[in-house]
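Novice: So I've got this file, data.cif, and it contains mmCIF, C-alpha atoms and all ligand atoms:
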data_structure
loop_
_atom_site.label_atom_id
_atom_site.label_comp_id
_atom_site.auth_asym_id
_atom_site.auth_seq_id
_atom_site.Cartn_x
_atom_site.Cartn_y
_atom_site.Cartn_z
CA MET A 558 0.00 0.00 0.00
CA ASP A 559 1.27 3.48 -0.85
CA LEU A 560 0.90 5.44 2.37
CA GLY A 561 0.83 8.69 0.43
CA ILE A 562 3.23 10.55 2.72
CA ALA A 563 6.44 10.61 0.69
CA GLY A 564 8.12 13.99 1.19
CA ARG A 565 6.16 14.83 4.34
CA ARG A 566 8.27 16.28 7.18
CA ALA A 567 8.17 14.06 10.27
CA LEU A 568 9.50 14.89 13.73
CA VAL A 569 9.84 11.72 15.81
CA CYS A 570 10.66 12.34 19.46
CA ALA A 571 12.80 10.08 21.67
CA SER A 572 13.81 7.93 18.76
CA SER A 573 17.40 6.70 18.97
CA LYS A 574 16.09 3.38 20.30
CA GLY A 575 12.97 1.36 20.92
CA LEU A 576 9.48 2.31 19.81
CA GLY A 577 10.37 5.83 18.68
CA ARG A 578 13.09 4.43 16.46
CA GLY A 579 10.65 1.86 15.04
CA CYS A 580 8.32 4.73 14.10
CA ALA A 581 11.17 6.77 12.59
CA GLN A 582 12.29 3.83 10.47
CA ALA A 583 8.78 3.12 9.16
CA LEU A 584 8.22 6.80 8.29
CA ALA A 585 11.62 7.03 6.56
CA ASP A 586 10.80 3.82 4.66
CA ALA A 587 7.54 5.51 3.55
CA GLY A 588 9.55 8.36 2.04
CA CYS A 589 9.16 10.99 4.77
CA GLU A 590 11.84 13.57 5.58
CA VAL A 591 12.44 12.36 9.13
CA THR A 592 14.11 14.17 12.02
CA ILE A 593 14.94 12.06 15.05
CA LEU A 594 16.08 13.13 18.50
CA ALA A 595 17.44 11.83 21.78
CA ARG A 596 19.65 13.26 24.50
CA THR A 597 23.00 11.67 23.62
CA ALA A 598 24.53 13.05 20.42
CA ALA A 599 26.62 9.99 19.54
CA GLU A 600 23.64 7.64 19.90
CA VAL A 601 21.16 9.74 17.97
CA GLU A 602 23.67 10.42 15.19
CA ARG A 603 24.39 6.70 14.82
CA ALA A 604 20.67 5.89 14.80
CA ALA A 605 20.04 8.52 12.10
CA GLN A 606 22.75 7.00 9.92
CA GLU A 607 21.42 3.47 10.37
CA ILE A 608 17.79 4.44 9.74
CA GLY A 609 18.82 6.51 6.73
CA ALA A 610 20.96 3.72 5.29
CA ARG A 611 18.07 1.28 5.46
CA ALA A 612 15.54 3.70 4.00
CA GLY A 613 17.92 5.01 1.34
CA ARG A 614 17.46 8.64 2.37
CA LYS A 615 19.04 11.17 4.69
CA VAL A 616 17.63 11.31 8.22
CA ALA A 617 18.20 14.52 10.22
CA TRP A 618 18.96 14.39 13.94
CA VAL A 619 19.23 16.63 16.97
CA ALA A 620 20.55 15.93 20.46
CA CYS A 621 18.15 17.39 23.01
CA ASP A 622 16.07 16.62 26.06
CA ILE A 623 12.52 16.85 24.76
CA THR A 624 11.11 17.25 28.27
CA THR A 625 12.64 20.73 28.60
CA ALA A 626 11.54 23.97 26.92
CA GLU A 627 15.05 24.40 25.52
CA GLY A 628 15.01 20.86 24.11
CA ARG A 629 11.65 21.40 22.45
CA ALA A 630 12.94 24.64 20.88
CA GLN A 631 15.96 22.72 19.54
CA ALA A 632 13.71 20.00 18.12
CA LEU A 633 11.46 22.53 16.38
CA ALA A 634 14.49 24.42 15.06
CA ALA A 635 15.73 21.17 13.51
CA CYS A 636 12.31 20.36 12.07
CA PRO A 637 10.24 23.53 11.75
CA GLN A 638 6.65 23.01 10.66
CA PRO A 639 6.42 19.22 10.77
CA ASP A 640 3.53 17.58 8.90
CA ILE A 641 3.85 14.55 11.16
CA LEU A 642 4.64 14.62 14.88
CA VAL A 643 5.29 11.49 16.92
CA ASN A 644 5.31 12.37 20.60
CA ASN A 645 7.43 10.14 22.79
CA ALA A 646 9.73 10.35 25.82
CA GLY A 647 11.20 7.97 28.32
CA GLY A 648 8.67 6.53 30.73
CA PRO A 649 8.62 7.36 34.44
CA PRO A 650 10.35 5.00 36.88
CA PRO A 651 8.39 2.18 38.48
CA GLY A 652 7.95 2.04 42.24
CA ASP A 653 5.62 2.37 45.21
CA PHE A 654 3.49 5.51 45.27
CA ARG A 655 4.39 6.04 48.93
CA ASP A 656 7.95 6.82 47.86
CA TRP A 657 7.02 9.42 45.25
CA THR A 658 7.33 13.07 46.11
CA ARG A 659 5.69 15.99 44.38
CA GLU A 660 8.92 16.33 42.34
CA HIS A 661 8.53 12.78 40.99
CA TRP A 662 5.01 13.63 39.88
CA ILE A 663 6.07 16.91 38.26
CA ARG A 664 8.80 15.09 36.28
CA ALA A 665 6.33 12.44 35.08
CA LEU A 666 3.78 15.07 34.10
CA GLU A 667 6.46 17.10 32.28
CA ALA A 668 7.67 14.11 30.27
CA ASN A 669 4.50 12.21 29.51
CA MET A 670 1.75 14.83 29.53
CA LEU A 671 2.95 18.44 29.26
CA THR A 672 5.73 17.86 26.68
CA PRO A 673 3.39 16.33 24.09
CA ILE A 674 0.80 19.03 24.81
CA GLU A 675 3.43 21.77 24.28
CA LEU A 676 4.55 20.17 21.00
CA ILE A 677 0.97 19.82 19.78
CA LYS A 678 0.39 23.48 20.63
CA ALA A 679 3.52 24.51 18.71
CA THR A 680 2.76 22.54 15.55
CA VAL A 681 -0.98 22.04 15.13
CA ASP A 682 -1.85 25.47 13.70
CA GLY A 683 0.71 25.06 10.90
CA MET A 684 -0.81 21.67 10.11
CA ILE A 685 -4.29 23.23 10.02
CA GLU A 686 -3.09 25.93 7.61
CA ARG A 687 -1.48 23.34 5.32
CA LYS A 688 -4.57 21.10 5.55
CA PHE A 689 -2.55 18.07 6.50
CA GLY A 690 -1.31 16.91 9.87
CA ARG A 691 -0.79 13.67 11.71
CA ILE A 692 0.01 13.54 15.40
CA VAL A 693 0.61 10.22 17.14
CA ASN A 694 1.27 10.09 20.86
CA ILE A 695 3.03 7.02 22.21
CA THR A 696 1.31 6.38 25.53
CA SER A 697 0.90 2.95 27.15
CA SER A 698 -1.42 0.01 27.65
CA ALA A 699 -1.36 1.28 31.25
CA VAL A 700 -3.91 3.93 30.18
CA LYS A 701 -6.44 1.14 29.56
CA ALA A 702 -5.32 -1.36 32.19
CA PRO A 703 -3.16 0.18 34.92
CA ILE A 704 0.13 -1.52 35.87
CA ASP A 705 0.61 -1.52 39.64
CA ILE A 706 4.26 -0.42 39.80
CA LEU A 707 3.82 2.22 37.08
CA GLY A 708 1.51 4.61 38.91
CA LEU A 709 3.35 7.68 37.60
CA SER A 710 2.80 6.45 34.05
CA ASN A 711 -0.83 5.46 34.67
CA GLY A 712 -1.58 8.95 35.97
CA ALA A 713 0.42 11.21 33.64
CA ARG A 714 -0.58 9.42 30.45
CA SER A 715 -4.25 9.39 31.39
CA GLY A 716 -4.06 13.19 31.63
CA LEU A 717 -2.68 13.39 28.08
CA THR A 718 -5.34 10.96 26.87
CA GLY A 719 -8.12 13.16 28.23
CA PHE A 720 -6.65 16.27 26.61
CA VAL A 721 -6.23 14.54 23.23
CA ALA A 722 -9.81 13.24 23.27
CA GLY A 723 -11.08 16.81 23.26
CA ILE A 724 -8.60 18.51 20.94
CA ALA A 725 -8.62 15.76 18.27
CA ARG A 726 -12.26 16.55 17.50
CA LYS A 727 -11.51 20.26 17.13
CA VAL A 728 -8.87 19.87 14.40
CA ALA A 729 -10.12 16.90 12.37
CA ARG A 730 -12.05 19.00 9.85
CA HIS A 731 -8.71 20.41 8.64
CA ASN A 732 -7.34 16.95 7.84
CA VAL A 733 -5.31 16.99 11.03
CA THR A 734 -5.64 13.81 13.07
CA ILE A 735 -4.44 13.13 16.59
CA ASN A 736 -4.39 9.57 17.90
CA ASN A 737 -2.66 7.64 20.65
CA LEU A 738 -0.81 4.35 20.28
CA LEU A 739 -0.84 2.23 23.43
CA PRO A 740 2.05 -0.24 23.52
CA GLY A 741 1.75 -3.41 25.49
CA PRO A 742 4.99 -5.36 26.05
CA PHE A 743 7.57 -4.53 23.37
CA ASP A 744 11.08 -5.88 23.43
CA THR A 745 13.03 -2.70 24.17
CA ASP A 746 15.46 -1.40 26.80
CA ARG A 747 12.50 0.02 28.71
CA LEU A 748 10.92 -3.42 29.04
CA ALA A 749 14.25 -4.86 30.16
CA SER A 750 14.61 -2.25 32.90
CA ASN A 751 11.05 -2.92 34.11
CA PHE A 752 11.90 -6.62 34.46
CA ALA A 753 15.14 -5.77 36.27
CA THR A 754 13.18 -3.67 38.78
CA ARG A 755 10.62 -6.41 39.32
CA ALA A 756 13.36 -9.03 39.74
CA LYS A 757 15.10 -6.87 42.31
CA SER A 758 11.95 -6.27 44.34
CA THR A 759 10.78 -9.91 44.26
CA GLY A 760 14.13 -11.75 44.25
CA ALA A 761 13.09 -13.61 41.08
CA ASN A 762 15.39 -14.33 38.15
CA VAL A 763 15.10 -11.80 35.29
CA GLU A 764 15.14 -14.41 32.53
CA THR A 765 12.44 -16.43 34.29
CA LEU A 766 10.28 -13.32 34.63
CA ARG A 767 10.77 -12.49 30.93
CA ALA A 768 9.91 -16.01 29.82
CA GLN A 769 6.82 -16.10 32.04
CA ALA A 770 5.61 -12.73 30.77
CA ALA A 771 6.13 -13.67 27.13
CA ALA A 772 4.28 -16.94 27.69
CA THR A 773 1.23 -15.15 29.12
CA ASN A 774 0.83 -13.04 25.97
CA PRO A 775 -1.61 -14.61 23.47
CA THR A 776 1.14 -14.45 20.84
CA GLY A 777 3.63 -16.14 23.17
CA ARG A 778 6.14 -13.35 22.68
CA PHE A 779 6.83 -9.62 23.03
CA GLY A 780 6.17 -7.12 20.25
CA LEU A 781 8.93 -5.78 18.02
CA PRO A 782 9.61 -2.06 17.51
CA GLU A 783 9.17 -2.47 13.74
CA GLU A 784 5.65 -3.85 14.29
CA PHE A 785 4.86 -0.77 16.35
CA GLY A 786 6.44 1.47 13.70
CA ALA A 787 4.27 -0.03 10.96
CA ALA A 788 1.09 0.84 12.88
CA CYS A 789 2.42 4.35 13.51
CA ALA A 790 3.22 4.91 9.83
CA PHE A 791 -0.27 3.81 8.87
CA LEU A 792 -1.85 6.25 11.36
CA CYS A 793 0.37 8.97 9.88
CA SER A 794 -0.64 8.10 6.31
CA GLU A 795 -3.07 9.74 3.91
CA ARG A 796 -5.12 6.55 4.20
CA ALA A 797 -5.85 7.09 7.91
CA SER A 798 -7.53 10.49 7.63
CA PHE A 799 -10.83 9.20 9.11
CA ILE A 800 -9.16 7.74 12.22
CA VAL A 801 -9.56 10.48 14.80
CA GLY A 802 -9.01 10.63 18.56
CA GLN A 803 -8.51 6.90 18.94
CA ASN A 804 -6.54 4.91 21.48
CA LEU A 805 -5.11 1.95 19.61
CA LEU A 806 -3.83 -0.82 21.83
CA ILE A 807 -0.98 -2.85 20.32
CA ASP A 808 -0.36 -5.61 22.81
CA GLY A 809 -0.60 -8.98 21.07
CA GLY A 810 -4.11 -9.38 22.48
CA GLN A 811 -2.97 -9.21 26.10
CA TYR A 812 -5.85 -6.99 27.24
CA PRO A 813 -8.62 -9.54 27.81
CA GLY A 814 -11.71 -7.42 27.06
CA THR A 815 -13.97 -7.77 24.04
CA PHE A 816 -13.51 -4.06 23.26
P1 LIG B 901 13.47 2.83 25.23
O1 LIG B 901 14.11 3.06 26.55
O2 LIG B 901 13.80 1.62 24.48
O3 LIG B 901 13.75 4.07 24.27
C1 LIG B 901 13.49 5.38 24.70
C2 LIG B 901 14.08 6.37 23.72
O4 LIG B 901 13.76 7.68 24.18
C3 LIG B 901 15.59 6.33 23.61
O5 LIG B 901 15.98 6.64 22.30
C4 LIG B 901 16.03 7.43 24.56
O6 LIG B 901 17.31 7.94 24.24
C5 LIG B 901 14.94 8.45 24.31
N1 LIG B 901 14.67 9.39 25.39
C6 LIG B 901 14.33 9.08 26.66
N2 LIG B 901 14.12 10.20 27.36
C7 LIG B 901 14.32 11.24 26.50
C8 LIG B 901 14.26 12.65 26.65
N3 LIG B 901 13.97 13.22 27.83
N4 LIG B 901 14.52 13.43 25.58
C9 LIG B 901 14.83 12.87 24.39
N5 LIG B 901 14.91 11.54 24.20
C10 LIG B 901 14.67 10.73 25.26
O7 LIG B 901 11.89 2.94 25.53
P2 LIG B 901 10.67 2.33 24.68
O8 LIG B 901 10.40 0.94 25.17
O9 LIG B 901 10.85 2.60 23.26
O10 LIG B 901 9.47 3.19 25.27
C11 LIG B 901 9.03 4.40 24.68
C12 LIG B 901 7.86 4.91 25.50
O11 LIG B 901 6.82 3.94 25.47
C13 LIG B 901 8.22 5.14 26.96
O12 LIG B 901 7.54 6.27 27.45
C14 LIG B 901 7.71 3.88 27.62
O13 LIG B 901 7.40 4.07 28.98
C15 LIG B 901 6.47 3.58 26.80
N6 LIG B 901 6.06 2.18 26.86
C16 LIG B 901 6.88 1.19 26.47
C17 LIG B 901 6.47 -0.13 26.56
C18 LIG B 901 7.36 -1.29 26.16
O14 LIG B 901 6.98 -2.43 26.34
N7 LIG B 901 8.52 -1.07 25.59
C19 LIG B 901 5.18 -0.43 27.04
C20 LIG B 901 4.34 0.61 27.41
C21 LIG B 901 4.80 1.92 27.33
#
For this file, write the structure as structure tokens.
Ligand code: NAD
Specialist:
Amino acid sequence: MDLGIAGRRALVCASSKGLGRGCAQALADAGCEVTILARTAAEVERAAQEIGARAGRKVAWVACDITTAEGRAQALAACPQPDILVNNAGGPPPGDFRDWTREHWIRALEANMLTPIELIKATVDGMIERKFGRIVNITSSAVKAPIDILGLSNGARSGLTGFVAGIARKVARHNVTINNLLPGPFDTDRLASNFATRAKSTGANVETLRAQAAATNPTGRFGLPEEFGAACAFLCSERASFIVGQNLLIDGGQYPGTF
């Protein structure tokens, strides 16, 4: 299928690794002019070269912390007026809510709620003027089914989800869509660190925990970043212009509900 987005400018946040990188690769493969970002220059530069080599096109990069105002300004300087925005940042640490201070909550809200809202605010009017825009927010399956040790994530991402539900309906008539992708378990560094935390707190073996978790998924495995990227590229495509304000769970069928 031709996604119809060749030549579109795409800003993909937090994308030197994992799910963001999967999205960047799929958009570059679809012919977009992709800009990726992460905090460490050497890592993001290497990722841009590897993504670009596979897609057969140049991929731009910027080293910045997207959760800061300065980092967002750097990102938008590197990719002014994106047609496609993929919002992503590292997830908050797991733990017991009794240990979290107000500062922990502010950091989680900055990264996983206020940063995407700021970037939407900075880019959506240009998309409206150009009559094309696609915004995908990477949130979490925890929005639909909370994960006990990820209370900071459950809370902050639910705030973003509520905001998006309202704003997506306000911009859709201009061919600007905003949707959320909710990853279940994907085989990334983030998943590995969650297992390490759980192993430490329970005394269990990490590999045993991984194998057990994979076995409980209906597919018998974890998802791959490229599978996530393919869904993201479709949501960003011309073909997906009637998909508005949705929360698409990509979890191998792990959520047990009918809907
Ligand atoms: P990851 O750790 O594999 O990759 C995160 C990427 O973001 C890296 O490139 C890192 O350099 C970059 N990054 C982190 N903080 C940044 C910042 N402040 N500024 C710029 N770049 C930054 O993580 P992942 O598994 O790809 O997860 C992506 C998001 O999806 C996270 O918010 C995570 O909590 C969420 N999530 C992941 C899973 C999963 O199974 N992997 C499940 C649910 C939710």
Novice: Please check which protein, DNA or RNA residues sit within 9 Å of ligand LIG 901 (chain B), counting only C-alpha atoms and all ligand atoms, and write them as an MDAnalysis selection string.
Specialist: chainID A and resid 570:579 594:597 600:601 604 620:625 628 645:650 668:669 695:699 710 739:751 779:782 808
Novice: Using only C-alpha atoms, which of A:Ala585, A:Ile807, A:Ala599, A:Cys793 sits nearest Lys615 in chain A?
Specialist: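 The closest residue to Lys615 in chain A is A:Ala585.
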Novice: So what do you get for CA of Ile663 in chain A versus CA of Leu709 in chain A, distance-wise?
Specialist: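 Pair CA of Ile663 in chain A / CA of Leu709 in chain A returns 9.6 Å.
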Novice: Taking (-9.6, 15.5, 9.2) in the file's own coordinates, collect the residues within 10 Å, counting only C-alpha atoms, and hand them back as a VMD selection string.
Specialist: chain A and resid 685 688 to 691 725 to 735 797 to 801
Novice: Which of these residues is nearest to Gly786 in chain A, using all atoms listed in the file: A:Leu633, A:Ala581, A:Ile674, A:Ala761?
Specialist: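 Of A:Leu633, A:Ala581, A:Ile674, A:Ala761, the one nearest Gly786 in chain A, counting all atoms listed in the file, is A:Ala581.
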Novice: To one decimal place, how far is CA of Met670 in chain A from CA of Asn644 in chain A in Å?
Specialist: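 Taking CA of Met670 in chain A and CA of Asn644 in chain A, their separation equals 9.9 Å.
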Novice: Quick one: of A:Arg755, A:Thr765, A:Gln582, A:Thr658, who's nearest to Ala612 in chain A, counting only C-alpha atoms?
Specialist: A:Gln582
Novice: Considering only C-alpha atoms, state which residue in the set A:Ile724, A:Cys580, A:Cys789, A:Ala713 is at the smallest distance from Arg664 in chain A.
Specialist: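 Of the candidates, the smallest distance to Arg664 in chain A is held by A:Ala713.
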Novice: Take range 613-635 of chain A, model N, CA, C and O atoms, and hand the result over as a tab-separated table (two decimals), in the frame of the given file.
Specialist:
chain	number	residue	atom	x	y	z
A	613	GLY	N	17.37	4.44	2.57
A	613	GLY	CA	17.92	5.01	1.34
A	613	GLY	C	17.66	6.50	1.24
A	613	GLY	O	17.43	7.02	0.15
A	614	ARG	N	17.65	7.18	2.38
A	614	ARG	CA	17.46	8.64	2.37
A	614	ARG	C	18.13	9.22	3.62
A	614	ARG	O	18.38	8.51	4.58
A	615	LYS	N	18.37	10.53	3.56
A	615	LYS	CA	19.04	11.17	4.69
A	615	LYS	C	18.03	11.37	5.83
A	615	LYS	O	16.89	11.77	5.59
A	616	VAL	N	18.47	11.07	7.04
A	616	VAL	CA	17.63	11.31	8.22
A	616	VAL	C	18.34	12.36	9.08
A	616	VAL	O	19.51	12.21	9.41
A	617	ALA	N	17.62	13.44	9.40
A	617	ALA	CA	18.20	14.52	10.22
A	617	ALA	C	18.12	14.13	11.70
A	617	ALA	O	17.28	13.31	12.09
A	618	TRP	N	18.98	14.73	12.51
A	618	TRP	CA	18.96	14.39	13.94
A	618	TRP	C	19.31	15.61	14.77
A	618	TRP	O	19.96	16.54	14.28
A	619	VAL	N	18.88	15.58	16.02
A	619	VAL	CA	19.23	16.63	16.97
A	619	VAL	C	19.35	16.00	18.35
A	619	VAL	O	18.57	15.11	18.70
A	620	ALA	N	20.37	16.43	19.09
A	620	ALA	CA	20.55	15.93	20.46
A	620	ALA	C	19.90	16.92	21.41
A	620	ALA	O	20.33	18.07	21.51
A	621	CYS	N	18.84	16.49	22.07
A	621	CYS	CA	18.15	17.39	23.01
A	621	CYS	C	17.30	16.58	23.97
A	621	CYS	O	16.95	15.43	23.69
A	622	ASP	N	16.99	17.22	25.09
A	622	ASP	CA	16.07	16.62	26.06
A	622	ASP	C	14.68	17.20	25.77
A	622	ASP	O	14.42	18.38	26.05
A	623	ILE	N	13.82	16.36	25.23
A	623	ILE	CA	12.52	16.85	24.76
A	623	ILE	C	11.60	17.26	25.91
A	623	ILE	O	10.60	17.94	25.69
A	624	THR	N	11.96	16.89	27.13
A	624	THR	CA	11.11	17.25	28.27
A	624	THR	C	11.40	18.65	28.81
A	624	THR	O	10.79	19.07	29.79
A	625	THR	N	12.36	19.35	28.18
A	625	THR	CA	12.64	20.73	28.60
A	625	THR	C	12.21	21.71	27.50
A	625	THR	O	12.17	21.35	26.32
A	626	ALA	N	11.94	22.95	27.90
A	626	ALA	CA	11.54	23.97	26.92
A	626	ALA	C	12.67	24.19	25.92
A	626	ALA	O	12.42	24.35	24.71
A	627	GLU	N	13.91	24.19	26.41
A	627	GLU	CA	15.05	24.40	25.52
A	627	GLU	C	15.16	23.24	24.51
A	627	GLU	O	15.39	23.45	23.32
A	628	GLY	N	14.95	22.02	25.00
A	628	GLY	CA	15.01	20.86	24.11
A	628	GLY	C	13.93	20.90	23.05
A	628	GLY	O	14.17	20.56	21.89
A	629	ARG	N	12.75	21.32	23.43
A	629	ARG	CA	11.65	21.40	22.45
A	629	ARG	C	11.96	22.48	21.40
A	629	ARG	O	11.69	22.29	20.22
A	630	ALA	N	12.57	23.59	21.85
A	630	ALA	CA	12.94	24.64	20.88
A	630	ALA	C	13.99	24.10	19.91
A	630	ALA	O	13.92	24.37	18.70
A	631	GLN	N	14.94	23.31	20.42
A	631	GLN	CA	15.96	22.72	19.54
A	631	GLN	C	15.33	21.77	18.53
A	631	GLN	O	15.68	21.75	17.35
A	632	ALA	N	14.38	20.97	19.00
A	632	ALA	CA	13.71	20.00	18.12
A	632	ALA	C	12.96	20.73	17.01
A	632	ALA	O	13.03	20.36	15.84
A	633	LEU	N	12.26	21.81	17.38
A	633	LEU	CA	11.46	22.53	16.38
A	633	LEU	C	12.34	23.38	15.46
A	633	LEU	O	11.96	23.65	14.32
A	634	ALA	N	13.54	23.73	15.94
A	634	ALA	CA	14.49	24.42	15.06
A	634	ALA	C	15.02	23.43	14.02
A	634	ALA	O	15.23	23.79	12.86
A	635	ALA	N	15.21	22.19	14.44
A	635	ALA	CA	15.73	21.17	13.51
A	635	ALA	C	14.66	20.73	12.52
A	635	ALA	O	14.96	20.34	11.40
